[in-house]
>>> print(open('my_file_1.csv').read())   # CSV, C-alpha atoms
chain,number,residue,atom,x,y,z
A,25,MET,CA,-3.6,21.4,15.5
A,26,SER,CA,-3.6,18.2,17.5
A,27,ASP,CA,-0.3,17.0,19.0
A,28,ARG,CA,-1.1,13.4,17.9
A,29,ARG,CA,0.4,12.1,14.8
A,30,THR,CA,-2.0,11.3,12.0
A,31,ALA,CA,-2.0,9.0,8.9
A,32,LEU,CA,-4.1,8.1,5.9
A,33,VAL,CA,-4.0,4.6,4.7
A,34,THR,CA,-5.7,3.7,1.4
A,35,GLY,CA,-7.0,0.2,0.8
A,36,ALA,CA,-7.2,0.0,4.6
A,37,ALA,CA,-9.8,-2.7,5.1
A,38,THR,CA,-7.8,-5.9,4.8
A,39,GLY,CA,-4.4,-7.4,4.2
A,40,ILE,CA,-1.4,-5.0,4.2
A,41,GLY,CA,-3.8,-2.0,4.8
A,42,ARG,CA,-5.3,-3.5,7.9
A,43,SER,CA,-2.0,-4.5,9.4
A,44,THR,CA,-0.6,-1.0,8.7
A,45,VAL,CA,-3.6,0.7,10.3
A,46,LEU,CA,-3.2,-1.4,13.4
A,47,ALA,CA,0.5,-0.8,13.6
A,48,LEU,CA,-0.1,2.9,13.3
A,49,ALA,CA,-2.7,2.9,16.0
A,50,ALA,CA,-0.5,0.9,18.3
A,51,SER,CA,2.2,3.5,17.7
A,52,GLY,CA,0.0,6.4,18.7
A,53,TYR,CA,-1.4,7.6,15.4
A,54,ASP,CA,-4.9,8.7,14.6
A,55,VAL,CA,-5.8,7.0,11.3
A,56,ALA,CA,-8.1,7.8,8.3
A,57,LEU,CA,-9.0,4.5,6.7
A,58,ASN,CA,-9.9,4.6,3.0
A,59,TYR,CA,-11.8,1.8,1.3
A,60,ALA,CA,-13.5,1.3,-2.0
A,61,SER,CA,-16.2,-1.4,-1.4
A,62,SER,CA,-15.3,-3.5,1.7
A,63,ALA,CA,-17.3,-1.4,4.2
A,64,ALA,CA,-17.8,-4.1,6.8
A,65,ALA,CA,-14.1,-5.1,6.8
A,66,ALA,CA,-13.1,-1.4,7.0
A,67,LYS,CA,-15.4,-0.9,9.9
A,68,ALA,CA,-14.0,-3.9,11.7
A,69,THR,CA,-10.4,-2.6,11.2
A,70,ALA,CA,-11.4,0.8,12.4
A,71,ASP,CA,-12.9,-0.7,15.5
A,72,GLU,CA,-9.7,-2.6,16.2
A,73,ALA,CA,-7.7,0.6,15.7
A,74,ALA,CA,-10.0,2.5,18.1
A,75,ALA,CA,-9.5,-0.3,20.7
A,76,LEU,CA,-5.8,0.5,20.5
A,77,GLY,CA,-6.5,4.2,21.3
A,78,ALA,CA,-6.6,5.7,17.8
A,79,ARG,CA,-9.2,8.2,16.7
A,80,THR,CA,-10.4,6.9,13.3
A,81,LEU,CA,-12.1,8.2,10.2
A,82,LEU,CA,-13.7,5.9,7.6
A,83,VAL,CA,-13.8,7.3,4.1
A,84,GLN,CA,-15.1,5.5,1.1
A,85,CYS,CA,-13.4,6.5,-2.1
A,86,ASP,CA,-12.3,5.1,-5.4
A,87,VAL,CA,-8.8,6.4,-5.7
A,88,SER,CA,-8.9,6.4,-9.5
A,89,ASP,CA,-11.6,9.2,-9.3
A,90,ASP,CA,-9.8,12.4,-8.8
A,91,ALA,CA,-12.8,14.4,-7.7
A,92,ALA,CA,-13.6,11.7,-5.1
A,93,VAL,CA,-10.0,11.8,-3.9
A,94,HIS,CA,-10.2,15.6,-3.3
A,95,ALA,CA,-13.5,15.1,-1.5
A,96,MET,CA,-11.8,12.4,0.7
A,97,MET,CA,-8.9,14.7,1.5
A,98,ALA,CA,-11.4,17.5,2.5
A,99,GLU,CA,-12.9,15.1,5.1
A,100,VAL,CA,-9.4,14.2,6.4
A,101,ASP,CA,-8.6,17.9,6.6
A,102,GLN,CA,-11.7,18.6,8.6
A,103,ALA,CA,-11.1,15.7,11.0
A,104,PHE,CA,-7.3,15.9,11.5
A,105,ARG,CA,-6.1,19.3,10.0
A,106,HIS,CA,-2.8,17.7,9.0
A,107,LEU,CA,-1.1,14.4,8.0
A,108,ASP,CA,2.2,13.1,9.2
A,109,ALA,CA,2.0,9.9,7.1
A,110,LEU,CA,0.4,8.6,3.9
A,111,VAL,CA,0.3,4.9,2.9
A,112,ASN,CA,-0.8,4.4,-0.7
A,113,ASN,CA,-1.9,0.8,-0.5
A,114,ALA,CA,-5.1,0.7,-2.6
A,115,GLY,CA,-4.6,-1.7,-5.4
A,116,THR,CA,-6.3,-4.1,-7.8
A,117,THR,CA,-5.3,-6.7,-10.4
A,118,SER,CA,-6.7,-8.4,-13.4
A,119,THR,CA,-7.3,-12.0,-14.4
A,120,TRP,CA,-5.5,-14.0,-17.1
A,121,LYS,CA,-4.3,-17.4,-18.1
A,122,VAL,CA,-0.6,-17.6,-17.5
A,123,LYS,CA,1.4,-17.0,-20.7
A,124,ASP,CA,-1.7,-16.5,-22.8
A,125,LEU,CA,-1.7,-12.8,-23.8
A,126,ASP,CA,-5.0,-13.1,-25.5
A,127,SER,CA,-6.7,-13.9,-22.3
A,128,LEU,CA,-6.1,-10.4,-21.0
A,129,ASP,CA,-9.2,-8.1,-20.8
A,130,MET,CA,-7.9,-4.6,-21.8
A,131,ALA,CA,-10.7,-3.0,-19.7
A,132,GLU,CA,-9.2,-4.7,-16.7
A,133,TRP,CA,-5.7,-3.5,-17.8
A,134,ASP,CA,-7.0,0.1,-17.8
A,135,ARG,CA,-8.7,-0.4,-14.5
A,136,THR,CA,-5.5,-1.8,-12.9
A,137,PHE,CA,-3.4,1.2,-14.0
A,138,ALA,CA,-6.2,3.6,-13.0
A,139,VAL,CA,-6.2,2.3,-9.4
A,140,ASN,CA,-2.5,1.3,-8.9
A,141,VAL,CA,-0.7,4.1,-10.7
A,142,ARG,CA,-3.0,7.1,-11.3
A,143,GLY,CA,-4.7,6.5,-7.9
A,144,THR,CA,-1.3,6.6,-6.1
A,145,PHE,CA,-0.4,9.8,-7.8
A,146,GLN,CA,-3.8,11.5,-7.3
A,147,VAL,CA,-4.0,10.6,-3.6
A,148,THR,CA,-0.4,11.8,-3.1
A,149,ARG,CA,-1.0,15.1,-4.9
A,150,ALA,CA,-4.2,15.8,-2.9
A,151,ALA,CA,-2.4,15.0,0.4
A,152,VAL,CA,0.6,17.2,-0.1
A,153,PRO,CA,-0.9,20.3,1.5
A,154,LEU,CA,-1.9,18.3,4.6
A,155,LEU,CA,1.5,16.6,4.7
A,156,ARG,CA,3.3,19.9,4.6
A,157,ARG,CA,1.4,20.8,7.8
A,158,GLY,CA,2.7,17.6,9.5
A,159,THR,CA,5.9,16.8,11.4
A,160,ALA,CA,8.6,15.0,9.4
A,161,PRO,CA,6.0,13.8,6.9
A,162,ALA,CA,6.6,10.6,4.9
A,163,ILE,CA,4.8,8.6,2.2
A,164,VAL,CA,5.1,4.8,1.7
A,165,ASN,CA,3.7,3.3,-1.5
A,166,THR,CA,2.9,-0.4,-1.9
A,167,ALA,CA,4.8,-1.8,-4.9
A,168,SER,CA,5.6,-5.5,-5.5
A,169,ILE,CA,8.4,-7.8,-6.2
A,170,VAL,CA,6.9,-8.4,-9.6
A,171,GLY,CA,7.5,-4.7,-10.4
A,172,LEU,CA,11.2,-5.4,-10.1
A,173,ARG,CA,11.5,-8.9,-11.8
A,174,PRO,CA,9.2,-11.2,-13.9
A,175,GLY,CA,6.7,-13.4,-12.3
A,176,PRO,CA,3.4,-15.3,-13.1
A,177,GLN,CA,1.2,-12.3,-12.1
A,178,PRO,CA,-0.9,-10.7,-14.8
A,179,PRO,CA,1.2,-8.3,-17.0
A,180,PRO,CA,-1.0,-5.2,-16.2
A,181,TYR,CA,-0.5,-5.8,-12.4
A,182,ALA,CA,3.3,-6.3,-12.8
A,183,ALA,CA,3.6,-3.3,-15.2
A,184,SER,CA,1.6,-1.1,-12.9
A,185,LYS,CA,3.8,-2.0,-9.9
A,186,ALA,CA,6.9,-1.2,-12.0
A,187,ALA,CA,5.3,2.2,-12.6
A,188,VAL,CA,4.8,2.6,-8.9
A,189,VAL,CA,8.5,2.0,-8.4
A,190,ASN,CA,9.4,4.7,-10.9
A,191,LEU,CA,6.6,7.0,-9.5
A,192,THR,CA,8.0,6.6,-6.0
A,193,LYS,CA,11.5,7.8,-7.1
A,194,THR,CA,10.0,10.6,-9.2
A,195,LEU,CA,7.8,11.8,-6.3
A,196,ALA,CA,10.8,11.6,-3.9
A,197,TRP,CA,12.7,14.0,-6.2
A,198,ASN,CA,9.7,16.4,-6.5
A,199,LEU,CA,8.6,16.5,-2.9
A,200,GLY,CA,12.0,16.6,-1.1
A,201,PRO,CA,13.3,17.9,1.1
A,202,GLU,CA,10.0,18.4,3.0
A,203,ILE,CA,8.4,15.0,2.3
A,204,ARG,CA,10.1,11.6,2.1
A,205,VAL,CA,8.7,9.0,-0.4
A,206,ASN,CA,9.6,5.3,-0.3
A,207,ALA,CA,8.0,2.1,-1.3
A,208,VAL,CA,7.8,-1.5,-0.1
A,209,ALA,CA,7.9,-4.4,-2.5
A,210,PRO,CA,6.5,-7.6,-0.9
A,211,GLY,CA,7.2,-11.0,-2.3
A,212,TRP,CA,4.7,-13.8,-2.3
A,213,MET,CA,2.5,-13.0,0.7
A,214,GLU,CA,0.3,-15.3,2.7
A,215,GLY,CA,-3.5,-14.5,2.7
A,216,ASP,CA,-6.5,-13.8,0.6
A,217,TRP,CA,-4.8,-12.0,-2.3
A,218,MET,CA,-2.5,-14.9,-3.2
A,219,GLU,CA,-5.2,-17.4,-2.5
A,220,ARG,CA,-7.2,-15.6,-5.3
A,221,MET,CA,-4.2,-15.5,-7.6
A,222,LEU,CA,-3.1,-19.2,-7.1
A,223,GLY,CA,-6.5,-20.8,-6.6
A,224,ASP,CA,-6.3,-24.5,-5.6
A,225,LYS,CA,-2.5,-24.5,-6.1
A,226,TYR,CA,-2.1,-22.0,-3.2
A,227,ASP,CA,-0.9,-24.4,-0.5
A,228,ASP,CA,1.5,-26.3,-2.8
A,229,LEU,CA,3.0,-23.3,-4.5
A,230,MET,CA,3.3,-21.2,-1.3
A,231,GLY,CA,5.0,-24.2,0.4
A,232,LYS,CA,7.5,-24.5,-2.4
A,233,ARG,CA,8.2,-20.8,-2.3
A,234,ALA,CA,8.8,-21.0,1.5
A,235,ARG,CA,11.2,-23.8,1.2
A,236,SER,CA,13.2,-21.8,-1.4
A,237,THR,CA,13.3,-18.8,0.8
A,238,PRO,CA,16.3,-18.3,3.2
A,239,LEU,CA,14.0,-17.4,6.1
A,240,ARG,CA,11.9,-20.5,5.3
A,241,ARG,CA,8.5,-18.8,5.1
A,242,CYS,CA,6.5,-16.4,2.9
A,243,VAL,CA,5.8,-12.8,3.7
A,244,THR,CA,2.8,-11.8,5.9
A,245,ALA,CA,0.9,-8.6,6.0
A,246,ASP,CA,2.4,-7.9,9.5
A,247,ASP,CA,5.9,-8.2,8.0
A,248,VAL,CA,5.1,-5.5,5.5
A,249,ALA,CA,3.4,-3.2,8.0
A,250,GLU,CA,6.6,-3.5,10.2
A,251,THR,CA,8.7,-2.2,7.3
A,252,VAL,CA,6.2,0.5,6.5
A,253,MET,CA,6.3,1.8,10.0
A,254,SER,CA,10.1,1.8,9.9
A,255,LEU,CA,10.1,3.9,6.7
A,256,LEU,CA,7.5,6.3,8.2
A,257,THR,CA,9.1,6.8,11.7
A,258,ALA,CA,12.8,6.2,11.2
A,259,ASN,CA,15.2,6.2,8.3
A,260,ARG,CA,15.1,9.9,8.2
A,261,PHE,CA,17.7,10.2,5.4
A,262,VAL,CA,16.1,7.6,3.2
A,263,THR,CA,13.9,8.6,0.3
A,264,GLY,CA,13.2,7.3,-3.2
A,265,GLU,CA,14.0,3.7,-2.1
A,266,ILE,CA,12.2,0.4,-2.7
A,267,VAL,CA,12.5,-2.0,0.2
A,268,VAL,CA,12.1,-5.6,-0.9
A,269,ILE,CA,10.3,-7.8,1.7
A,270,ASP,CA,10.7,-11.4,0.6
A,271,GLY,CA,12.8,-13.2,3.2
A,272,GLY,CA,15.8,-13.2,0.9
A,273,PHE,CA,14.1,-15.1,-1.9
A,274,THR,CA,15.2,-12.8,-4.7
A,275,SER,CA,18.8,-12.5,-3.4
A,276,SER,CA,19.2,-16.3,-3.4
A,277,THR,CA,17.7,-17.1,-6.8
>>> encode(input="my_file_1.csv", output="structure tokens")
Amino acid sequence: MSDRRTALVTGAATGIGRSTVLALAASGYDVALNYASSAAAAKATADEAAALGARTLLVQCDVSDDAAVHAMMAEVDQAFRHLDALVNNAGTTSTWKVKDLDSLDMAEWDRTFAVNVRGTFQVTRAAVPLLRRGTAPAIVNTASIVGLRPGPQPPPYAASKAAVVNLTKTLAWNLGPEIRVNAVAPGWMEGDWMERMLGDKYDDLMGKRARSTPLRRCVTADDVAETVMSLLTANRFVTGEIVVIDGGFTSST
């Protein structure tokens, strides 16, 4: 077994996944990067991580496909032999017209839950044997502030993130004391994801949110990665917790 720490990040190509991969690499981890379709972006992130000294493994896999998840974990096993960290970041959402329930496509609803909830469980379950070979293994799931309180996001996305919150606590109970399981719940985050969600209202709405936030800005992917690293490498007596990363917005409204 290598003395270097190892991690698997799902949804690793862009956004929170990319920032987390680079934070792990900068902290001395070798990293397996999972992606579903963004091959070029995943390769670019892997190259950046390698430049920081990490050994990297690129693995394409739809986390909602259990057979594919097990095949991915076999590749990780062959490359690294163990895992010290797992970051369940793969996620998707659906489209809808705000407050118009009839605008929801139920196939998109099912797909959102398949990736965000079942995918998180399937990857975790398949990773447990490798994590048990690791040192002080820990898991961090990506939830969302809308899994804790209402927001304008599509109901299937919000409900799936609420499920991730509960799943995090349930997994912490089932996997302790060997493996800690926590989650991060970002607020409105700068970048492509919210640009797609808000469209041409992005600049206006993000500006209003920043002005209403005690720390006077919105969350960045690097902010989230910083908290993920803290949950992975410190906080040794913390498990089953959901850490909100929103600059104090929810505590002041």
>>> closest_residue(input="my_file_1.csv", among="A:Pro174, A:Gly200, A:Gly77, A:Gly115", to="Ala36 in chain A", atoms="only C-alpha atoms")
A:Gly115
>>> residues_around(input="my_file_1.csv", residues="range 120-126 of chain A", least_positions_apart="3", cutoff="8 Å", atoms="only C-alpha atoms", output="MDAnalysis selection string")
chainID A and resid 129 176:178
>>> atom_distance(input="my_file_1.csv", atom1="CA of Arg135 in chain A", atom2="CA of Arg149 in chain A")
19.8 Å
>>> atom_distance(input="my_file_1.csv", atom1="CA of Ala37 in chain A", atom2="CA of Glu250 in chain A")
17.2 Å
>>> closest_residue(input="my_file_1.csv", among="A:Ala131, A:Met253, A:Ala234, A:Leu155", to="Val45 in chain A", atoms="all atoms listed in the file")
A:Met253
>>> closest_residue(input="my_file_1.csv", among="A:Asn140, A:Thr159, A:Gln84, A:Thr148", to="Ala63 in chain A", atoms="all atoms listed in the file")
A:Gln84
>>> closest_residue(input="my_file_1.csv", among="A:Thr274, A:Ala249, A:Gly158, A:Gly143", to="Ala49 in chain A", atoms="all atoms listed in the file")
A:Ala249
>>> closest_residue(input="my_file_1.csv", among="A:Phe261, A:Trp133, A:Trp212, A:Phe273", to="Thr244 in chain A", atoms="only C-alpha atoms")
A:Trp212
>>> residues_near_point(input="my_file_1.csv", point="(-3.6, -4.5, 8.2)", cutoff="12 Å", atoms="only C-alpha atoms", output="VMD selection string")
chain A and resid 33 to 50 57 65 to 66 68 to 70 72 to 73 111 113 215 244 to 250 252 to 253
>>> axis_aligned_box(input="my_file_1.csv", around="range 38-44 of chain A", padding_each_side="6 Å", output="AutoDock Vina command-line options")
--center_x -4.2 --center_y -4.2 --center_z 6.8 --size_x 19.2 --size_y 18.4 --size_z 17.2
>>> atom_distance(input="my_file_1.csv", atom1="CA of Leu191 in chain A", atom2="CA of Ser61 in chain A")
25.6 Å
>>> residues_around(input="my_file_1.csv", residues="His106 in chain A", least_positions_apart="5", cutoff="10 Å", atoms="all atoms listed in the file", output="list of chain:residue names")
A:Met25, A:Ser26, A:Arg29, A:Thr30, A:Ala31, A:Val100, A:Asp101, A:Ala151, A:Val152, A:Pro153, A:Leu154, A:Leu155, A:Arg156, A:Arg157, A:Gly158, A:Thr159, A:Pro161
>>> residues_around(input="my_file_1.csv", residues="Leu239 in chain A", least_positions_apart="5", cutoff="12 Å", atoms="only C-alpha atoms", output="NGL selection string")
:A and (233-234 or 269-276)
